[in-house]
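Next comes entry.tsv, a file with TSV, C-alpha atoms and all ligand atoms.
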chain	number	residue	atom	x	y	z
A	1	MET	CA	91.53	81.90	71.56
A	2	ILE	CA	91.93	83.73	74.86
A	3	ASN	CA	90.25	81.99	77.72
A	4	VAL	CA	88.37	84.47	79.99
A	5	GLU	CA	86.87	83.89	83.42
A	6	ILE	CA	84.88	86.37	85.51
A	7	ASP	CA	85.50	86.19	89.25
A	8	PRO	CA	82.16	84.89	90.62
A	9	ARG	CA	82.61	86.97	93.81
A	10	SER	CA	83.16	90.29	92.02
A	11	GLY	CA	80.40	92.77	91.35
A	12	PHE	CA	78.29	94.96	93.62
A	13	CYS	CA	78.17	94.19	97.32
A	14	GLY	CA	74.80	93.74	99.05
A	15	GLY	CA	74.72	97.37	100.28
A	16	VAL	CA	75.17	98.82	96.81
A	17	ILE	CA	72.67	96.41	95.20
A	18	ARG	CA	70.07	97.43	97.79
A	19	ALA	CA	70.67	101.18	97.24
A	20	ILE	CA	70.52	100.96	93.43
A	21	ASP	CA	67.44	98.80	93.60
A	22	LYS	CA	65.64	101.40	95.76
A	23	ALA	CA	66.66	104.22	93.40
A	24	GLU	CA	65.52	102.35	90.29
A	25	ARG	CA	62.19	101.46	91.87
A	26	TYR	CA	61.63	105.13	92.76
A	27	LEU	CA	62.52	106.21	89.22
A	28	GLU	CA	59.94	103.85	87.72
A	29	ASN	CA	57.30	106.40	88.76
A	30	GLN	CA	59.24	109.66	89.03
A	31	PRO	CA	61.24	111.58	86.43
A	32	ARG	CA	64.24	112.29	88.66
A	33	LEU	CA	65.89	111.58	91.99
A	34	HIS	CA	68.77	113.39	93.67
A	35	SER	CA	71.39	111.37	95.47
A	36	LEU	CA	73.66	113.07	97.99
A	37	GLY	CA	77.07	112.40	96.49
A	38	GLU	CA	77.69	109.85	93.76
A	39	MET	CA	75.57	106.78	94.33
A	40	VAL	CA	78.42	104.44	93.46
A	41	HIS	CA	82.08	105.12	92.58
A	42	ASN	CA	81.73	103.84	89.06
A	43	GLU	CA	81.43	106.20	86.10
A	44	ALA	CA	79.77	103.68	83.74
A	45	GLU	CA	77.05	102.76	86.26
A	46	LEU	CA	76.46	106.45	87.05
A	47	GLU	CA	75.92	107.06	83.35
A	48	ARG	CA	73.37	104.22	83.20
A	49	LEU	CA	71.49	105.51	86.26
A	50	GLY	CA	71.75	109.10	85.00
A	51	ALA	CA	69.83	108.09	81.88
A	52	LYS	CA	67.00	106.94	84.18
A	53	GLY	CA	66.92	110.28	86.03
A	54	LEU	CA	69.39	109.91	88.91
A	55	ILE	CA	71.25	113.17	89.63
A	56	SER	CA	74.22	113.47	92.01
A	57	LEU	CA	73.96	116.43	94.33
A	58	ARG	CA	76.73	118.03	96.40
A	59	HIS	CA	76.10	118.74	100.08
A	60	GLU	CA	76.43	122.47	99.50
A	61	ASP	CA	73.65	122.29	96.90
A	62	MET	CA	71.01	120.72	99.19
A	63	GLU	CA	69.30	124.12	99.55
A	64	ARG	CA	68.47	124.03	95.86
A	65	LEU	CA	65.88	121.30	96.44
A	66	SER	CA	62.30	122.28	97.23
A	67	PRO	CA	60.48	121.10	100.36
A	68	GLY	CA	58.92	117.70	99.74
A	69	GLU	CA	61.55	116.67	97.16
A	70	ALA	CA	63.22	113.31	97.67
A	71	LEU	CA	66.89	113.00	98.65
A	72	LEU	CA	68.64	109.65	98.55
A	73	ILE	CA	71.30	108.85	101.14
A	74	ARG	CA	73.65	106.30	99.65
A	75	ALA	CA	75.06	103.10	101.16
A	76	HIS	CA	78.06	104.92	102.74
A	77	GLY	CA	75.73	106.72	105.16
A	78	GLU	CA	75.83	110.30	106.42
A	79	PRO	CA	76.56	112.12	109.69
A	80	PRO	CA	73.61	113.28	111.87
A	81	ALA	CA	74.16	116.89	110.67
A	82	THR	CA	72.98	115.89	107.17
A	83	TYR	CA	69.71	114.46	108.52
A	84	ARG	CA	69.16	117.64	110.55
A	85	LYS	CA	69.74	119.83	107.50
A	86	ALA	CA	67.43	117.71	105.32
A	87	ALA	CA	64.72	117.96	108.00
A	88	GLU	CA	65.13	121.77	108.16
A	89	LEU	CA	64.73	121.94	104.37
A	90	GLY	CA	61.66	119.68	104.52
A	91	LEU	CA	63.23	117.04	102.25
A	92	ASP	CA	61.91	113.53	102.00
A	93	ILE	CA	64.83	111.22	102.77
A	94	ILE	CA	65.21	107.86	101.02
A	95	ASP	CA	67.74	106.29	103.35
A	96	CYS	CA	69.89	103.66	101.62
A	97	THR	CA	72.59	103.49	104.32
A	98	CYS	CA	73.88	99.93	104.27
A	99	PRO	CA	72.74	98.08	107.43
A	100	VAL	CA	76.38	97.09	108.08
A	101	VAL	CA	77.44	100.76	108.04
A	102	LEU	CA	74.47	101.67	110.22
A	103	ARG	CA	75.55	99.13	112.86
A	104	LEU	CA	79.09	100.53	112.72
A	105	GLN	CA	77.79	104.08	113.25
A	106	GLU	CA	75.74	102.92	116.24
A	107	SER	CA	78.64	101.01	117.69
A	108	ILE	CA	81.00	104.02	117.48
A	109	LEU	CA	78.44	106.20	119.23
A	110	SER	CA	77.90	103.63	121.96
A	111	ALA	CA	81.68	103.18	122.54
A	112	TYR	CA	82.09	106.95	122.68
A	113	ARG	CA	79.38	107.27	125.31
A	114	GLN	CA	81.02	104.55	127.38
A	115	LEU	CA	84.41	106.25	127.17
A	116	ASP	CA	82.74	109.31	128.65
A	117	GLY	CA	85.57	111.65	127.65
A	118	LYS	CA	88.37	109.41	128.98
A	119	GLY	CA	89.92	107.54	126.03
A	120	THR	CA	90.17	107.80	122.23
A	121	ILE	CA	88.10	106.58	119.33
A	122	VAL	CA	90.50	105.57	116.53
A	123	ILE	CA	89.13	104.85	113.07
A	124	PHE	CA	91.24	103.11	110.42
A	125	GLY	CA	89.86	104.59	107.21
A	126	LYS	CA	90.35	106.91	104.31
A	127	ILE	CA	90.44	110.54	105.47
A	128	GLY	CA	87.62	112.50	103.81
A	129	HIS	CA	85.81	109.37	102.52
A	130	ALA	CA	82.01	109.71	102.77
A	131	GLU	CA	81.64	106.67	105.04
A	132	VAL	CA	84.37	107.98	107.37
A	133	LEU	CA	82.74	111.43	107.52
A	134	GLY	CA	79.52	109.68	108.52
A	135	LEU	CA	81.36	107.74	111.26
A	136	VAL	CA	83.25	110.72	112.65
A	137	GLY	CA	80.01	112.71	112.62
A	138	GLN	CA	78.48	110.29	115.15
A	139	VAL	CA	80.89	111.60	117.79
A	140	GLY	CA	80.93	115.25	116.75
A	141	GLY	CA	84.36	114.86	115.14
A	142	ASP	CA	86.02	113.64	118.37
A	143	ALA	CA	87.92	110.74	116.78
A	144	VAL	CA	91.36	110.13	115.30
A	145	VAL	CA	91.27	108.84	111.70
A	146	VAL	CA	94.36	107.07	110.36
A	147	GLU	CA	95.00	105.64	106.91
A	148	ASN	CA	98.04	103.57	107.94
A	149	THR	CA	100.36	102.64	110.80
A	150	ALA	CA	102.73	105.53	110.03
A	151	GLN	CA	99.93	108.04	110.65
A	152	LEU	CA	98.90	106.22	113.82
A	153	LYS	CA	102.50	106.38	115.08
A	154	GLU	CA	102.57	110.12	114.44
A	155	HIS	CA	99.38	110.70	116.46
A	156	PHE	CA	100.67	108.43	119.21
A	157	GLU	CA	103.99	110.22	119.48
A	158	LYS	CA	102.25	113.59	119.67
A	159	GLY	CA	100.26	112.28	122.65
A	160	GLU	CA	96.93	112.47	120.77
A	161	ILE	CA	95.95	108.90	121.58
A	162	GLN	CA	94.85	108.35	125.14
A	163	ALA	CA	94.01	104.99	126.69
A	164	PRO	CA	91.67	103.23	126.55
A	165	VAL	CA	91.39	103.05	122.77
A	166	GLU	CA	88.24	101.92	121.00
A	167	LEU	CA	89.45	100.86	117.56
A	168	PHE	CA	87.19	100.68	114.49
A	169	SER	CA	87.74	100.25	110.76
A	170	GLN	CA	85.91	101.66	107.74
A	171	THR	CA	84.03	98.71	106.21
A	172	THR	CA	86.11	98.47	103.02
A	173	MET	CA	89.64	98.55	104.43
A	174	ASN	CA	92.31	95.89	104.00
A	175	PRO	CA	92.08	93.31	106.86
A	176	GLU	CA	95.85	92.77	106.94
A	177	GLU	CA	96.55	96.48	107.35
A	178	TYR	CA	93.92	96.62	110.10
A	179	GLU	CA	95.84	93.90	111.88
A	180	ASP	CA	99.04	95.98	111.60
A	181	ILE	CA	97.21	98.90	113.22
A	182	CYS	CA	96.03	96.64	116.09
A	183	ASN	CA	99.54	95.22	116.52
A	184	TYR	CA	101.05	98.68	116.78
A	185	LEU	CA	98.68	99.70	119.57
A	186	THR	CA	99.14	96.35	121.34
A	187	SER	CA	102.93	96.78	121.19
A	188	LYS	CA	102.50	100.09	123.05
A	189	GLY	CA	100.74	98.26	125.89
A	190	ILE	CA	97.71	100.50	125.55
A	191	ALA	CA	94.30	99.30	126.82
A	192	LEU	CA	92.58	98.45	123.57
A	193	ASN	CA	89.18	97.26	122.44
A	194	VAL	CA	89.22	96.13	118.78
A	195	HIS	CA	85.92	96.15	116.90
A	196	ASN	CA	85.77	93.80	113.96
A	197	THR	CA	84.07	96.17	111.53
A	198	ILE	CA	85.48	95.31	108.11
A	199	CYS	CA	82.52	94.18	106.03
A	200	ARG	CA	82.36	90.39	105.77
A	201	GLN	CA	81.80	90.59	102.02
A	202	VAL	CA	84.95	92.69	101.66
A	203	ALA	CA	87.08	90.52	103.97
A	204	GLU	CA	85.96	87.40	102.08
A	205	ARG	CA	86.82	89.03	98.77
A	206	HIS	CA	90.30	89.93	99.99
A	207	ARG	CA	90.93	86.33	100.98
A	208	MET	CA	89.75	84.82	97.69
A	209	LEU	CA	90.90	87.49	95.23
A	210	ALA	CA	94.63	86.81	95.63
A	211	ASP	CA	94.02	83.14	94.72
A	212	PHE	CA	91.94	84.18	91.72
A	213	ALA	CA	94.74	86.54	90.57
A	214	LYS	CA	97.40	83.85	90.96
A	215	GLY	CA	95.28	81.36	89.03
A	216	HIS	CA	95.37	83.38	85.75
A	217	ASP	CA	98.10	84.63	83.40
A	218	VAL	CA	96.59	88.11	83.17
A	219	ILE	CA	94.15	89.96	85.42
A	220	VAL	CA	91.93	92.75	84.16
A	221	PHE	CA	90.61	94.65	87.15
A	222	VAL	CA	87.52	96.73	86.39
A	223	SER	CA	86.87	99.73	88.61
A	224	GLY	CA	85.91	103.39	88.64
A	225	SER	CA	88.86	105.69	89.28
A	226	LEU	CA	87.27	107.11	92.47
A	227	SER	CA	86.63	103.79	94.21
A	228	SER	CA	88.82	103.40	97.31
A	229	ASN	CA	87.85	99.74	97.58
A	230	GLY	CA	88.85	99.41	93.90
A	231	ARG	CA	92.35	100.75	94.54
A	232	VAL	CA	92.86	98.44	97.53
A	233	LEU	CA	91.71	95.35	95.62
A	234	PHE	CA	93.65	96.30	92.50
A	235	GLU	CA	96.89	96.52	94.53
A	236	LEU	CA	96.09	93.16	96.10
A	237	CYS	CA	95.71	91.58	92.63
A	238	ARG	CA	98.86	93.26	91.35
A	239	SER	CA	100.95	91.97	94.22
A	240	ALA	CA	99.64	88.44	93.52
A	241	ASN	CA	100.02	88.76	89.74
A	242	PRO	CA	102.26	91.45	88.16
A	243	ARG	CA	100.33	91.18	84.86
A	244	THR	CA	97.34	92.98	86.39
A	245	TYR	CA	95.76	95.95	84.60
A	246	MET	CA	93.09	98.36	85.81
A	247	VAL	CA	90.39	99.47	83.36
A	248	GLY	CA	87.29	101.64	83.72
A	249	SER	CA	85.60	100.18	80.63
A	250	VAL	CA	86.37	98.30	77.38
A	251	ARG	CA	87.82	101.54	75.99
A	252	ASP	CA	90.90	101.16	78.24
A	253	ILE	CA	91.76	97.62	77.13
A	254	ASP	CA	94.98	97.20	75.16
A	255	GLY	CA	95.20	94.04	73.01
A	256	LYS	CA	98.99	93.97	73.53
A	257	TRP	CA	98.47	92.85	77.13
A	258	PHE	CA	97.42	89.36	76.00
A	259	LYS	CA	98.96	86.34	74.27
A	260	PRO	CA	96.59	83.95	72.44
A	261	SER	CA	97.23	81.14	74.93
A	262	ASP	CA	96.61	83.32	77.99
A	263	SER	CA	94.02	82.61	80.60
A	264	VAL	CA	92.54	85.97	81.65
A	265	GLY	CA	90.70	86.68	84.89
A	266	VAL	CA	88.25	89.60	85.03
A	267	CYS	CA	87.36	90.97	88.46
A	268	GLY	CA	86.39	94.23	90.14
A	269	ALA	CA	85.50	96.27	93.21
A	270	THR	CA	82.34	96.26	95.34
A	271	SER	CA	81.23	99.22	93.20
A	272	THR	CA	81.75	97.49	89.83
A	273	PRO	CA	78.51	96.35	88.19
A	274	LYS	CA	78.23	92.78	86.92
A	275	TRP	CA	77.10	93.97	83.46
A	276	LEU	CA	80.39	95.87	83.09
A	277	LEU	CA	82.48	92.82	84.06
A	278	GLU	CA	80.56	90.84	81.44
A	279	GLU	CA	81.10	93.52	78.78
A	280	VAL	CA	84.85	93.56	79.48
A	281	ALA	CA	85.06	89.75	79.43
A	282	ARG	CA	83.16	89.59	76.10
A	283	HIS	CA	85.48	92.18	74.58
A	284	ILE	CA	88.65	90.33	75.66
A	285	SER	CA	87.36	87.04	74.28
A	286	THR	CA	87.06	88.62	70.80
A	287	ILE	CA	90.74	89.70	70.78
A	288	SER	CA	92.80	87.36	68.64
A	301	LIG	S1	81.01	96.97	101.35
A	301	LIG	FE1	79.79	95.94	102.91
A	301	LIG	S2	79.37	97.54	104.39
A	301	LIG	FE2	80.04	98.59	102.55
A	301	LIG	S3	78.14	99.01	101.45
A	301	LIG	FE3	78.89	97.06	100.71
A	301	LIG	S4	77.80	95.51	101.96
A	301	LIG	FE4	77.65	97.50	102.99
Show this structure as structure tokens.
Amino acid sequence: MINVEIDPRSGFCGGVIRAIDKAERYLENQPRLHSLGEMVHNEAELERLGAKGLISLRHEDMERLSPGEALLIRAHGEPPATYRKAAELGLDIIDCTCPVVLRLQESILSAYRQLDGKGTIVIFGKIGHAEVLGLVGQVGGDAVVVENTAQLKEHFEKGEIQAPVELFSQTTMNPEEYEDICNYLTSKGIALNVHNTICRQVAERHRMLADFAKGHDVIVFVSGSLSSNGRVLFELCRSANPRTYMVGSVRDIDGKWFKPSDSVGVCGATSTPKWLLEEVARHISTIS
């Protein structure tokens, strides 16, 4: 029989648990709730919440809501322009911005004010990601966003990065890649202030996940296809264990991946619900 273990550190992070909890409590007494953007990058969890009345709303559709209607801001946070628009429309905001993201937003704004037009705010993050849009919005778009060292080099060589640099990271980025970004700027002798803004829960997961992946014959990584944290952690598992497979649900599992004597590890992203990890683990344990 296949031996299956769920990574005890996988499952929703604190920020996502808090946001979902608030939404579910609201929906106990109300038939529906609109969330600005998808509440969590996980299709199965969205389906579960959708059945309770949660509806994802695009920014361009905010006008469709009537004054007094509730609008949930998810854990990723939003730029100030969104709050202004919601106020103009008379919407009732349920703010679920993760406190860690909120601190990061405040810290970018404060660094920007101190720079007073002289240096550059650099953000290591995924271009176009909701959290990054919220961060860039704090400084009216006056920041350079890079996804890797190659992009940073390009900006540097074009003269778009002026000293001093205030360096930040999106909360869910890879700590090792963040270090590469820091090293590049240090090697250029640029005055640099590095802010340690990768979420502790994410950094901890990165450290432990490689060991978990190495400790099993096969890894089944459960994640929604849109989760950027999911892709980063999946790659981390795959580099530690080549027999790593990504699935969105039990439907994607292929019995041919396993041998009867295998020990299988099941893990996931910060947006993967625990119930889904358990469902996947149960399914694998029935494969003979
Ligand atoms: S990963 Fe960390 S910062 Fe991001 S929502 Fe979760 S707890 Fe908050």
Where does chain A meet ligand LIG 301 (chain A) within 6 Å, residue by residue, with the nearest atom pair and distance in Å to one decimal for each, counting only C-alpha atoms and all ligand atoms, listed by chain and rising number, as a tab-separated table?
residue	atom	partner	partner_atom	distance
A:Cys13	CA	A:LIG301	FE3	4.5
A:Gly14	CA	A:LIG301	S4	4.5
A:Gly15	CA	A:LIG301	S3	4.0
A:Val16	CA	A:LIG301	S3	5.5
A:Ala75	CA	A:LIG301	S3	5.1
A:Cys98	CA	A:LIG301	FE4	4.7
A:Val100	CA	A:LIG301	S2	4.8
A:Val101	CA	A:LIG301	S2	5.2
A:Thr171	CA	A:LIG301	S2	5.1
A:Thr172	CA	A:LIG301	S1	5.6
A:Cys199	CA	A:LIG301	FE1	4.5
A:Gln201	CA	A:LIG301	FE1	5.8
A:Val202	CA	A:LIG301	S1	5.8
Hey, could you make a per-residue contact list for region 99-127 of chain A against region 145-152 of chain A with 12 Å as the cut-off, showing the nearest pair of atoms and its distance in Å to one decimal, counting all atoms listed in the file, sorted by chain and number, as JSON lines?
{"residue": "A:Thr120", "atom": "CA", "partner": "A:Val145", "partner_atom": "CA", "distance": 10.6}
{"residue": "A:Ile121", "atom": "CA", "partner": "A:Val145", "partner_atom": "CA", "distance": 8.6}
{"residue": "A:Val122", "atom": "CA", "partner": "A:Val145", "partner_atom": "CA", "distance": 5.9}
{"residue": "A:Ile123", "atom": "CA", "partner": "A:Val145", "partner_atom": "CA", "distance": 4.7}
{"residue": "A:Phe124", "atom": "CA", "partner": "A:Val146", "partner_atom": "CA", "distance": 5.0}
{"residue": "A:Gly125", "atom": "CA", "partner": "A:Glu147", "partner_atom": "CA", "distance": 5.3}
{"residue": "A:Lys126", "atom": "CA", "partner": "A:Glu147", "partner_atom": "CA", "distance": 5.5}
{"residue": "A:Ile127", "atom": "CA", "partner": "A:Val145", "partner_atom": "CA", "distance": 6.5}
Produce a file of the selected residues containing C-alpha atoms, as a compact mmCIF listing (two decimals), keeping the file's coordinate frame.
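In the end it all went to result36.txt:
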# COMPACT_ATOMS: atom_id res chain seq x y z
CA THR A 120 90.17 107.80 122.23
CA ILE A 121 88.10 106.58 119.33
CA VAL A 122 90.50 105.57 116.53
CA ILE A 123 89.13 104.85 113.07
CA PHE A 124 91.24 103.11 110.42
CA GLY A 125 89.86 104.59 107.21
CA LYS A 126 90.35 106.91 104.31
CA ILE A 127 90.44 110.54 105.47
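You can rank A:Glu179, A:Glu204, A:Glu24, A:Glu154 by their closest distance to Gly50 (chain A) using only C-alpha atoms, and at the top of that list sits A:Glu24.
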**Fill in**
Across A:Tyr26, A:Tyr178, A:Tyr112, A:Trp275, the smallest distance to Val165 (chain A), with only C-alpha atoms counted, is shown by A:Tyr112
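The smallest atom-to-atom distance between Glu176 (chain A) and any of A:Arg207, A:His34, A:Lys158, A:Arg84, using all atoms listed in the file, is found for A:Arg207.
Of the residues listed (A:Lys188, A:Arg231, A:His216, A:His283), A:His283 shows the shortest atom-to-atom separation from Ser249 (chain A); distances use all atoms listed in the file.
Minimum distance to Met39 (chain A) across A:Gly268, A:Gly77, A:Gly134, A:Gly140 (counting all atoms listed in the file) occurs at A:Gly77.
Closest to Ile198 (chain A) among A:Asp211, A:Asp254, A:Glu177, A:Glu28 is A:Glu177, based on only C-alpha atoms.
Rounded to one decimal, CA of His41 (chain A) and CA of Val232 (chain A) lie 13.6 Å from each other.
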Test item: residues at most 8 Å from Leu91 (chain A), all atoms listed in the file, excluding those fewer than 5 positions along its chain, as a PDB file with C-alpha atoms, keeping the file's coordinate frame:
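Output file selection_20.pdb follows:
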ATOM      1  CA  LEU A  65      65.880 121.300  96.440  1.00  0.00           C
ATOM      2  CA  SER A  66      62.300 122.280  97.230  1.00  0.00           C
ATOM      3  CA  PRO A  67      60.480 121.100 100.360  1.00  0.00           C
ATOM      4  CA  GLY A  68      58.920 117.700  99.740  1.00  0.00           C
ATOM      5  CA  GLU A  69      61.550 116.670  97.160  1.00  0.00           C
ATOM      6  CA  ALA A  70      63.220 113.310  97.670  1.00  0.00           C
ATOM      7  CA  LEU A  71      66.890 113.000  98.650  1.00  0.00           C
ATOM      8  CA  ALA A  86      67.430 117.710 105.320  1.00  0.00           C
TER       9      ALA A  86
END
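Computed from the coordinates, the CA of Ser228 (chain A) to CA of Met62 (chain A) distance equals 24.9 Å.
Atom pair CA of Phe212 (chain A) / CA of Ile20 (chain A): separated by 27.3 Å.
When the distance limit is 9 Å and all atoms listed in the file are what count, the residues near region 236-239 of chain A, minus those fewer than 3 positions from it on the same chain, are His206, Leu209, Ala210, Asp211, Phe212, Ala213, Lys214, Ile219, Phe221, Arg231, Val232, Leu233, Pro242, Arg243, Thr244 and Tyr245 of chain A.
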